[in-house]
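Visitor: Sharing structure.csv, CSV, C-alpha atoms and all ligand atoms:
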chain,number,residue,atom,x,y,z
A,1,MET,CA,0.0,0.0,0.0
A,2,THR,CA,1.2,3.5,-0.7
A,3,ARG,CA,1.4,6.3,1.9
A,4,ASP,CA,-1.9,7.6,0.6
A,5,GLY,CA,-3.6,4.3,1.1
A,6,TYR,CA,-3.7,3.1,-2.5
A,7,GLN,CA,-3.0,-0.3,-3.9
A,8,ILE,CA,-1.3,-0.2,-7.3
A,9,PHE,CA,-1.9,-2.8,-10.0
A,10,VAL,CA,-0.6,-3.1,-13.5
A,11,ILE,CA,-3.1,-4.3,-16.0
A,12,SER,CA,-1.8,-5.0,-19.5
A,13,ASN,CA,-2.6,-6.7,-22.8
A,14,GLN,CA,0.3,-8.9,-23.9
A,15,ALA,CA,-1.1,-10.7,-26.9
A,16,GLY,CA,2.4,-11.3,-28.0
A,17,VAL,CA,2.4,-14.3,-25.7
A,18,GLY,CA,-0.7,-15.8,-27.3
A,19,LYS,CA,0.7,-15.1,-30.8
A,20,GLY,CA,4.0,-16.8,-29.9
A,21,VAL,CA,6.1,-13.6,-30.4
A,22,TYR,CA,7.5,-14.0,-26.9
A,23,SER,CA,7.1,-16.5,-24.1
A,24,LEU,CA,5.2,-16.3,-20.9
A,25,ASP,CA,8.5,-16.8,-19.1
A,26,LYS,CA,10.0,-13.8,-20.8
A,27,LEU,CA,6.9,-11.7,-19.8
A,28,LYS,CA,7.3,-12.9,-16.2
A,29,ARG,CA,11.0,-11.8,-16.2
A,30,ILE,CA,10.1,-8.4,-17.7
A,31,ASP,CA,7.4,-8.1,-15.1
A,32,ALA,CA,9.7,-9.0,-12.2
A,33,ASN,CA,12.2,-6.4,-13.4
A,34,MET,CA,9.6,-3.7,-13.7
A,35,ILE,CA,8.2,-4.3,-10.2
A,36,LYS,CA,11.8,-4.3,-8.8
A,37,GLY,CA,12.7,-1.2,-10.8
A,38,VAL,CA,9.7,0.7,-9.5
A,39,GLN,CA,10.4,-0.5,-6.0
A,40,LYS,CA,13.9,0.9,-6.2
A,41,LEU,CA,12.4,4.3,-7.0
A,42,GLY,CA,10.1,4.1,-4.0
A,43,GLY,CA,7.0,2.9,-5.8
A,44,LYS,CA,4.9,0.0,-4.8
A,45,ILE,CA,3.2,-2.2,-7.4
A,46,ARG,CA,1.1,-4.8,-5.6
A,47,LYS,CA,0.6,-7.1,-8.5
A,48,SER,CA,0.4,-7.2,-12.3
A,49,PHE,CA,-2.3,-8.8,-14.3
A,50,TYR,CA,-1.8,-9.7,-17.9
A,51,CYS,CA,-4.1,-10.8,-20.7
A,52,THR,CA,-1.9,-13.0,-22.9
A,53,HIS,CA,-4.7,-14.0,-25.3
A,54,ARG,CA,-4.8,-13.1,-28.9
A,55,SER,CA,-7.0,-10.2,-29.7
A,56,ASP,CA,-9.3,-12.5,-31.6
A,57,ALA,CA,-9.7,-15.0,-28.8
A,58,GLY,CA,-12.8,-13.3,-27.5
A,59,CYS,CA,-11.7,-13.4,-23.8
A,60,THR,CA,-13.1,-11.0,-21.2
A,61,CYS,CA,-9.7,-10.0,-19.8
A,62,ARG,CA,-8.3,-8.2,-22.8
A,63,LYS,CA,-8.7,-4.4,-22.3
A,64,PRO,CA,-11.1,-2.7,-22.8
A,65,GLY,CA,-12.6,-5.7,-21.1
A,66,ILE,CA,-12.6,-5.4,-17.3
A,67,GLY,CA,-11.9,-9.0,-16.4
A,68,LEU,CA,-8.4,-8.2,-15.1
A,69,LEU,CA,-9.6,-5.2,-13.1
A,70,LYS,CA,-12.2,-7.5,-11.5
A,71,LYS,CA,-9.4,-9.9,-10.6
A,72,ALA,CA,-7.3,-7.2,-9.1
A,73,LEU,CA,-10.2,-6.0,-7.0
A,74,LYS,CA,-11.0,-9.6,-6.0
A,75,SER,CA,-7.4,-10.0,-4.7
A,76,LEU,CA,-8.3,-7.2,-2.3
A,77,ASN,CA,-11.6,-8.8,-1.4
A,78,LYS,CA,-13.4,-6.0,-3.3
A,79,THR,CA,-16.1,-6.1,-5.9
A,80,ILE,CA,-16.3,-4.1,-9.1
A,81,THR,CA,-18.3,-1.4,-7.2
A,82,HIS,CA,-15.1,-0.4,-5.5
A,83,ALA,CA,-13.8,0.7,-8.9
A,84,GLN,CA,-15.5,4.0,-8.4
A,85,LYS,CA,-12.9,4.9,-5.8
A,86,ALA,CA,-10.1,3.9,-8.2
A,87,PHE,CA,-8.1,5.7,-10.8
A,88,PHE,CA,-7.3,4.0,-14.1
A,89,VAL,CA,-4.1,5.6,-15.6
A,90,GLY,CA,-3.3,4.7,-19.1
A,91,ASP,CA,-1.7,5.8,-22.3
A,92,THR,CA,-4.1,4.6,-25.0
A,93,GLU,CA,-7.7,5.2,-25.9
A,94,GLY,CA,-8.3,1.5,-25.0
A,95,ASP,CA,-7.1,2.2,-21.4
A,96,ILE,CA,-9.5,5.1,-21.0
A,97,LYS,CA,-12.3,2.9,-22.3
A,98,THR,CA,-11.3,0.2,-19.8
A,99,GLY,CA,-11.3,2.5,-16.9
A,100,HIS,CA,-14.6,4.0,-18.0
A,101,ASN,CA,-16.2,0.5,-18.5
A,102,ALA,CA,-15.2,-0.4,-14.9
A,103,GLY,CA,-16.5,2.9,-13.4
A,104,CYS,CA,-13.0,4.2,-12.5
A,105,LYS,CA,-11.9,7.8,-12.8
A,106,THR,CA,-9.6,7.9,-15.8
A,107,ILE,CA,-6.2,9.6,-16.3
A,108,PHE,CA,-4.6,9.8,-19.7
A,109,ALA,CA,-0.8,10.0,-19.8
A,110,LEU,CA,0.7,11.6,-22.9
A,111,SER,CA,4.0,9.7,-22.4
A,112,GLY,CA,2.8,6.7,-24.4
A,113,ARG,CA,2.6,6.1,-28.1
A,114,GLU,CA,-0.7,7.8,-28.6
A,115,ASP,CA,-0.7,11.3,-29.8
A,116,ARG,CA,-2.8,14.0,-28.2
A,117,ARG,CA,-4.0,15.1,-31.6
A,118,TYR,CA,-6.0,11.9,-32.1
A,119,MET,CA,-7.9,12.5,-28.9
A,120,ARG,CA,-10.3,14.8,-30.8
A,121,ARG,CA,-11.7,11.7,-32.5
A,122,TRP,CA,-12.2,9.8,-29.2
A,123,THR,CA,-15.8,9.2,-28.3
A,124,LEU,CA,-14.8,9.0,-24.7
A,125,LYS,CA,-12.8,11.7,-22.8
A,126,PRO,CA,-10.6,11.0,-19.9
A,127,ASP,CA,-11.3,12.8,-16.6
A,128,TYR,CA,-7.7,14.1,-16.6
A,129,ILE,CA,-4.8,14.4,-19.0
A,130,VAL,CA,-1.3,14.4,-17.7
A,131,LYS,CA,2.1,14.5,-19.4
A,132,ASP,CA,3.4,11.3,-17.7
A,133,LEU,CA,2.7,8.8,-14.9
A,134,LYS,CA,4.5,11.0,-12.3
A,135,ALA,CA,2.1,13.9,-13.1
A,136,ALA,CA,-0.8,11.6,-12.3
A,137,VAL,CA,0.3,11.3,-8.6
A,138,PRO,CA,-0.7,14.8,-7.4
A,139,ILE,CA,-4.1,14.5,-9.1
A,140,ILE,CA,-4.8,11.2,-7.2
A,141,GLN,CA,-3.5,12.6,-3.9
A,142,ASN,CA,-5.5,15.8,-4.3
A,143,GLU,CA,-8.7,13.9,-5.1
A,144,ASN,CA,-8.0,11.6,-2.2
A,145,SER,CA,-7.7,14.6,0.2
A,146,ARG,CA,-11.0,16.0,-1.0
A,147,HIS,CA,-12.7,12.8,-0.2
A,148,LEU,CA,-14.0,12.3,-3.7
A,149,ARG,CA,-16.4,15.2,-3.6
A,150,ASN,CA,-18.1,15.6,-7.0
A,151,SER,CA,-15.7,18.3,-8.1
A,152,ARG,CA,-14.0,16.5,-11.0
A,153,ARG,CA,-12.5,18.7,-13.6
A,154,ARG,CA,-13.4,17.7,-17.1
A,155,SER,CA,-10.8,18.1,-19.8
A,201,ZN,ZN,-7.5,-12.3,-22.2
Show the structure stored in the file as C-alpha cells.
Ligand SMILES: [Zn+2]

Guide:
Amino acid sequence: MTRDGYQIFVISNQAGVGKGVYSLDKLKRIDANMIKGVQKLGGKIRKSFYCTHRSDAGCTCRKPGIGLLKKALKSLNKTITHAQKAFFVGDTEGDIKTGHNAGCKTIFALSGREDRRYMRRWTLKPDYIVKDLKAAVPIIQNENSRHLRNSRRRS
C-alpha cells in the first residue's frame, strides 16, 4: 500500500504471448524487473495482471474488457463497485475505455505512443490528462484529500 492508502496494480494486454512472439517466461521476467525497478524508485506495485490471449480469442480479460480489473479487486476482497474509488491511468484510448467501463476515474498520460492530436476523435474523454505517470500522482493525492467530492474537472 502507498502512503496515501492506495494499492497499485498493473493491467496490461500482452497478446504477443498468445501469438507466440515472446514466451510467458519472458513476460514474467520483464514483469519482475519492472516491479523491482519501480520499488527501487520508492514505488509499490502490488501485482500485475496480464491478458496473454490473442485479440481474436474473445476473452473478457483483454482491455477494454474489465476481467483483469475485477481480478485485481478480488485480490483485495473487493467487488467491481469499488472501482468508483479507483483511478485508471493509461496511455491509450483502450485504457481510457477500460477505466470507464469499470467505473473508475480515468487519467490519460501523454507519455505513451498515442498522440494527443488523435484525442479529438475519441468518443470518450478521460477525466484528466497528464504529461506522464508522475504527473498523475498529485491528481490522485488531491482527489483523495478532498474525499472524492463531486468536483471533478473535465478536460
Ligand atoms: Zn485475455

Visitor: Which residues are close to segment 65-73 of chain A, i.e. within 12 Å by all atoms listed in the file, leaving aside same-chain residues fewer than 6 positions away? Reply as a PyMOL selection string.

Guide: chain A and resi 7-13+45-52+55+58-59+79-88+94-104

Visitor: One decimal, Å: what's the distance from atom CA of Glu143 of chain A over to atom CA of Gly42 of chain A, could you say?

Guide: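 These two atoms are separated by 21.2 Å.
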
Visitor: Which value, in Å to one decimal, gives the distance between atom CA of Leu133 of chain A and atom CA of Thr106 of chain A?

Guide: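 It comes out at 12.4 Å.
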
Visitor: Return the single residue from A:Lys125, A:His53, A:Lys63, A:Lys131 that is closest to ligand ZN 201 (chain A), with distances computed using only C-alpha atoms and all ligand atoms.

Guide: A:His53

Visitor: Could you work out how far atom CA of Arg54 of chain A lies from atom CA of Ala15 of chain A, giving the answer in Å with one decimal?

Guide: 4.8 Å

Visitor: May I ask which of the residues A:Met34, A:Val137, A:Ala109, A:Val17 is the closest one to ligand ZN 201 (chain A), counting only C-alpha atoms and all ligand atoms?

Guide: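 Smallest distance to ligand ZN 201 (chain A) is found for A:Val17.
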
Visitor: Write out as a PyMOL selection string which residues come within 9 Å of Glu93 of chain A when counting all atoms listed in the file, dropping same-chain ones fewer than 6 positions away.

Guide: chain A and resi 108+114+119+122+124-126

Visitor: Next, write the just-selected residues to a file, as a PDB file, in the frame of the given file, keeping C-alpha atoms as the atom set.

Guide:
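Produced file part-v1.pdb, reproduced below:
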ATOM      1  CA  PHE A 108      -4.600   9.800 -19.700  1.00  0.00           C
ATOM      2  CA  GLU A 114      -0.700   7.800 -28.600  1.00  0.00           C
ATOM      3  CA  MET A 119      -7.900  12.500 -28.900  1.00  0.00           C
ATOM      4  CA  TRP A 122     -12.200   9.800 -29.200  1.00  0.00           C
ATOM      5  CA  LEU A 124     -14.800   9.000 -24.700  1.00  0.00           C
ATOM      6  CA  LYS A 125     -12.800  11.700 -22.800  1.00  0.00           C
ATOM      7  CA  PRO A 126     -10.600  11.000 -19.900  1.00  0.00           C
TER       8      PRO A 126
END

Visitor: For each of A:Arg116, A:Lys44, A:Arg29, A:Lys74, take the minimum atom-to-atom distance to Ile129 of chain A, counting only C-alpha atoms, then give the residue where this is smallest.

Guide: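 The closest residue to Ile129 of chain A is A:Arg116.
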
Visitor: Which one of A:Lys78, A:Lys36, A:Arg3, A:Arg62 sits closest to ligand ZN 201 (chain A) if you count all atoms listed in the file?

Guide: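 Ranked by minimum distance to ligand ZN 201 (chain A), first place goes to A:Arg62.
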
Visitor: Would you mind listing what lies within 9 Å of Arg113 of chain A as a list in words, with only C-alpha atoms counted and same-chain residues fewer than 3 positions away left out?

Guide: Asp91, Thr92 and Leu110 of chain A

Visitor: Have a look at A:Pro64, A:Gly112, A:Pro138, A:Gly20 and name the one nearest to ligand ZN 201 (chain A); count all atoms listed in the file.

Guide: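 For ligand ZN 201 (chain A), the nearest of the candidates is A:Pro64.
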
Visitor: Please complete segment 114-146 of chain A so it has N, CA and C atoms, and hand it over as a short mmCIF file (atom, residue, chain, number, x, y, z; two decimals), keeping the file's coordinate frame.

Guide:
data_model
loop_
_atom_site.label_atom_id
_atom_site.label_comp_id
_atom_site.auth_asym_id
_atom_site.auth_seq_id
_atom_site.Cartn_x
_atom_site.Cartn_y
_atom_site.Cartn_z
N GLU A 114 0.43 7.09 -28.00
CA GLU A 114 -0.70 7.80 -28.60
C GLU A 114 -0.51 9.29 -28.59
N ASP A 115 -0.89 9.89 -29.66
CA ASP A 115 -0.70 11.30 -29.80
C ASP A 115 -1.96 12.07 -29.39
N ARG A 116 -1.71 13.19 -28.71
CA ARG A 116 -2.80 14.00 -28.20
C ARG A 116 -3.76 14.44 -29.33
N ARG A 117 -3.19 14.62 -30.52
CA ARG A 117 -4.00 15.10 -31.60
C ARG A 117 -5.16 14.20 -31.97
N TYR A 118 -4.95 12.90 -31.75
CA TYR A 118 -6.00 11.90 -32.10
C TYR A 118 -7.14 11.93 -31.11
N MET A 119 -6.90 12.56 -29.97
CA MET A 119 -7.90 12.50 -28.90
C MET A 119 -9.22 13.20 -29.38
N ARG A 120 -9.12 14.11 -30.34
CA ARG A 120 -10.30 14.80 -30.80
C ARG A 120 -11.34 13.78 -31.37
N ARG A 121 -10.82 12.68 -31.88
CA ARG A 121 -11.70 11.70 -32.50
C ARG A 121 -12.25 10.69 -31.45
N TRP A 122 -11.74 10.77 -30.24
CA TRP A 122 -12.20 9.80 -29.20
C TRP A 122 -13.67 10.12 -28.88
N THR A 123 -14.43 9.05 -28.69
CA THR A 123 -15.80 9.20 -28.30
C THR A 123 -15.90 9.44 -26.78
N LEU A 124 -14.84 8.99 -26.12
CA LEU A 124 -14.80 9.00 -24.70
C LEU A 124 -13.66 9.94 -24.23
N LYS A 125 -13.89 10.82 -23.28
CA LYS A 125 -12.80 11.70 -22.80
C LYS A 125 -12.34 11.25 -21.43
N PRO A 126 -11.04 11.30 -21.21
CA PRO A 126 -10.60 11.00 -19.90
C PRO A 126 -10.95 12.08 -18.88
N ASP A 127 -10.97 11.75 -17.61
CA ASP A 127 -11.30 12.80 -16.60
C ASP A 127 -10.11 13.74 -16.46
N TYR A 128 -8.91 13.23 -16.66
CA TYR A 128 -7.70 14.10 -16.60
C TYR A 128 -6.73 13.71 -17.66
N ILE A 129 -5.93 14.69 -18.04
CA ILE A 129 -4.80 14.40 -19.00
C ILE A 129 -3.55 14.92 -18.32
N VAL A 130 -2.54 14.07 -18.33
CA VAL A 130 -1.30 14.40 -17.70
C VAL A 130 -0.12 14.12 -18.67
N LYS A 131 1.05 14.73 -18.41
CA LYS A 131 2.10 14.50 -19.40
C LYS A 131 2.81 13.14 -19.17
N ASP A 132 2.83 12.66 -17.96
CA ASP A 132 3.40 11.30 -17.70
C ASP A 132 2.84 10.74 -16.42
N LEU A 133 3.28 9.54 -16.10
CA LEU A 133 2.70 8.80 -14.90
C LEU A 133 2.95 9.64 -13.63
N LYS A 134 4.13 10.25 -13.54
CA LYS A 134 4.50 11.00 -12.30
C LYS A 134 3.47 12.14 -12.09
N ALA A 135 3.03 12.75 -13.18
CA ALA A 135 2.10 13.90 -13.10
C ALA A 135 0.71 13.44 -12.64
N ALA A 136 0.45 12.14 -12.70
CA ALA A 136 -0.80 11.60 -12.30
C ALA A 136 -0.92 11.57 -10.73
N VAL A 137 0.24 11.50 -10.09
CA VAL A 137 0.30 11.30 -8.60
C VAL A 137 -0.41 12.44 -7.86
N PRO A 138 -0.03 13.72 -8.13
CA PRO A 138 -0.70 14.80 -7.40
C PRO A 138 -2.21 14.85 -7.60
N ILE A 139 -2.65 14.47 -8.77
CA ILE A 139 -4.10 14.50 -9.10
C ILE A 139 -4.79 13.47 -8.16
N ILE A 140 -4.21 12.30 -8.06
CA ILE A 140 -4.80 11.20 -7.20
C ILE A 140 -4.74 11.65 -5.74
N GLN A 141 -3.62 12.21 -5.33
CA GLN A 141 -3.50 12.60 -3.90
C GLN A 141 -4.47 13.75 -3.61
N ASN A 142 -4.61 14.67 -4.54
CA ASN A 142 -5.50 15.80 -4.30
C ASN A 142 -6.95 15.34 -4.23
N GLU A 143 -7.34 14.44 -5.12
CA GLU A 143 -8.70 13.90 -5.10
C GLU A 143 -8.97 13.15 -3.82
N ASN A 144 -7.94 12.43 -3.42
CA ASN A 144 -8.00 11.60 -2.20
C ASN A 144 -8.29 12.55 -0.99
N SER A 145 -7.58 13.66 -0.93
CA SER A 145 -7.70 14.60 0.20
C SER A 145 -9.02 15.30 0.22
N ARG A 146 -9.64 15.40 -0.93
CA ARG A 146 -11.00 16.00 -1.00
C ARG A 146 -12.08 15.04 -0.75
#
